[in-house]
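Peer 1: Here it is, the structure, as structure tokens.
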Amino acid sequence: MISMLAAPVLARPLRAAAVLDARAIALQGVALMLVFLVPALVLQPIDPRLLNEISVWVKPAKFALSLALHYATLAWAIGLLAPAWRQGDYMRRSFLLSLCAGFFEIAYISLQAARGRASHFNEATTAEMVLYSVMGVGAVILVVQSFDLGRHILKSPRRELDAGVRLGAGLGLTLGSVATLVTAGIMGSGAVPAALGYPEGHWVGGTLSDAGGLPLLGWSTSGGDLRVPHFFSTHIMQMLPLLGWLADRWRPGQARGLVLAGAALLLAVVIATSVQAVLGQPFLRLS
Amino acid sequence: MDWDALFQAASSSALIAWAALILLPRWSVLVRTLRYGLLSALALLYVTLIFGYFFSIDGGGFNSIAEVRALFASDPVLIAGWVHYLAFDLFVGLWIAERADAIGFSRLLQAPILAGTFMFGPLGLLLFHAVLAAGRAGRRAAFQGDHQ
């Protein structure tokens, strides 16, 4: 027994982990979001508490899924950059900043759901007022970072990158980020319902409830909903790169034109759904 | 929710894990399944219960016996607390097993230490640290003996 005990005591020296590259950081973002997504999905049929007449867990689930998609997009898009940018400290720091911003968003949204309280538009206590505005800062960091990545893809793509993917990812990330900043900013400011004399929130007229919304998306089916243009804006970041990728495969000669046409179309959808929401019209009216 | 069934399921999974850790060879697939599979499942169960029930309890909190008692009066939060024990005890057990294997501790000696961790968490950890310290002291004593 003593001879066994006489062996070196330390089992495995702790090695400093290699510095993570930007893609690994983005994948960490996906993993973190999945951890928050699971309880938010499991609790929806179990936890009876409601906010705006739907489960308190609907919002955390949507945000976790959406942010997981965002980080997956970043993890993919970083590979389109020239190696000097892809491997540099600048992108690593920028990805880390984005990760921290998204981590804060989902953590606060989940904590508030667990407490049965609203996260957005909740200024009931001093702490909630401060944290709601920190969420605004976090959201701005998320889109400024994805805008910046898109700009770098347009400027410094890796060699032999197909034209459609380059333009689709570059334009998708920049345009999607700007459109998100505008649409989410307008929604968060509360200016539209205020100007029209409606209570603060994402609704513009109609029933002030999230019950009876569209399946999965949850948008109002009785009045305007400012979340619709936010959704279409944000997911330009996935739709346009996908269009570019498809165009490179099937219509390589017209890839750039197709991406530009797609961008114009998506922008038109954002504008149309914005106007629709401001006019108090639902995306789809279900009766 | 059938809280009794959930409690039983969590406890049984931990019991099977401990039996495997104490009795079976340390197959890498087994250790990984326990560490990343079962511990993750227990952690997700814990988080789900806490997210769903912790904040709904009147007078619940961590700052006094009365607050903690209020938490444990709720079945789902009581199960969450129990799962917390199960998960962290098993984590410590895996850590002890890994260290003990690396040092070359006999599985015969590991068994009671791991059983102590399974039943009364900190007791097993204390035993492991005591045996480690004794081993180090014994080794030093042996070296001094060599030089005399």
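How things are named: the first chain in the structure tokens is A, the next is B, and so on; residues count from 1 in each chain; ligands count from 1 in the order shown.
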As number ranges by chain, which residues of range 10-127 of chain A does DSSP assign to alpha helix (DSSP H)?

Peer 2: A: 22-43, 58-77, 83-86, 89-114, 126-127

Peer 1: As number ranges by chain, could you give me every residue of chain B near chain A (at most 12 Å apart, counting only C-alpha atoms)?

Peer 2: B: 1-2, 40-41, 43-58, 76, 95-110, 128-129, 131-143

Peer 1: Hey, could you make a per-residue contact list for range 120-221 of chain A against range 97-109 of chain A with 7 Å as the cut-off, showing the nearest pair of atoms and its distance in Å to one decimal, counting only C-alpha atoms, sorted by chain and number, as a tab-separated table?

Peer 2:
```
residue	atom	partner	partner_atom	distance
A:Met135	CA	A:Glu105	CA	6.0
A:Gly138	CA	A:Ala101	CA	4.7
A:Ile141	CA	A:Ser98	CA	6.4
A:Leu142	CA	A:Ser98	CA	5.3
A:Gln145	CA	A:Ser98	CA	6.5
```

Peer 1: List every residue of range 47-276 of chain A that DSSP, applied to the backbone of this structure, assigns to strand (DSSP E), and report them as a VMD selection string.

Peer 2: chain A and resid 50 to 51 54 to 55 203 to 204 224 to 225

Peer 1: Range 76-93 of chain A: which residues within 12 Å, counting only C-alpha atoms, same-chain residues fewer than 2 positions away excluded, as a ChimeraX atom specification?

Peer 2: /A:19-27,30,69-74,95-100,145-173,237-238,241-242,245

Peer 1: What is the distance, in Å and to one decimal place, between CA of Gln144 in chain B and CA of Leu125 in chain B?

Peer 2: 28.9 Å

Peer 1: For CA of Val143 in chain A and CA of Ser177 in chain A, determine how far apart the two atoms are, in Å to one decimal place.

Peer 2: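 It comes out at 4.9 Å.
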
Peer 1: With only C-alpha atoms as the counted atoms, please give the residues lying no more than 8 Å from Leu21 in chain B, apart from itself and same-chain residues fewer than 5 positions off, as a list in words.

Peer 2: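 Non-adjacent residues within range: Arg26, Val31, Leu94 and Ala97 of chain B.
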
Peer 1: Can you write out the residues you just picked, keeping N, CA and C atoms, as a compact mmCIF listing (two decimals), in the first residue's frame?

Peer 2:
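selection_12.txt written:
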```txt
# COMPACT_ATOMS: atom_id res chain seq x y z
N ARG B 26 -12.49 1.26 -15.00
CA ARG B 26 -12.59 2.69 -15.35
C ARG B 26 -12.49 2.87 -16.86
N VAL B 31 -16.53 6.63 -17.74
CA VAL B 31 -16.24 7.85 -16.98
C VAL B 31 -16.79 9.07 -17.71
N LEU B 94 -16.12 11.38 -9.03
CA LEU B 94 -15.36 11.19 -10.27
C LEU B 94 -13.97 11.81 -10.15
N ALA B 97 -11.89 9.52 -8.01
CA ALA B 97 -11.52 8.30 -8.75
C ALA B 97 -10.40 8.59 -9.74
```
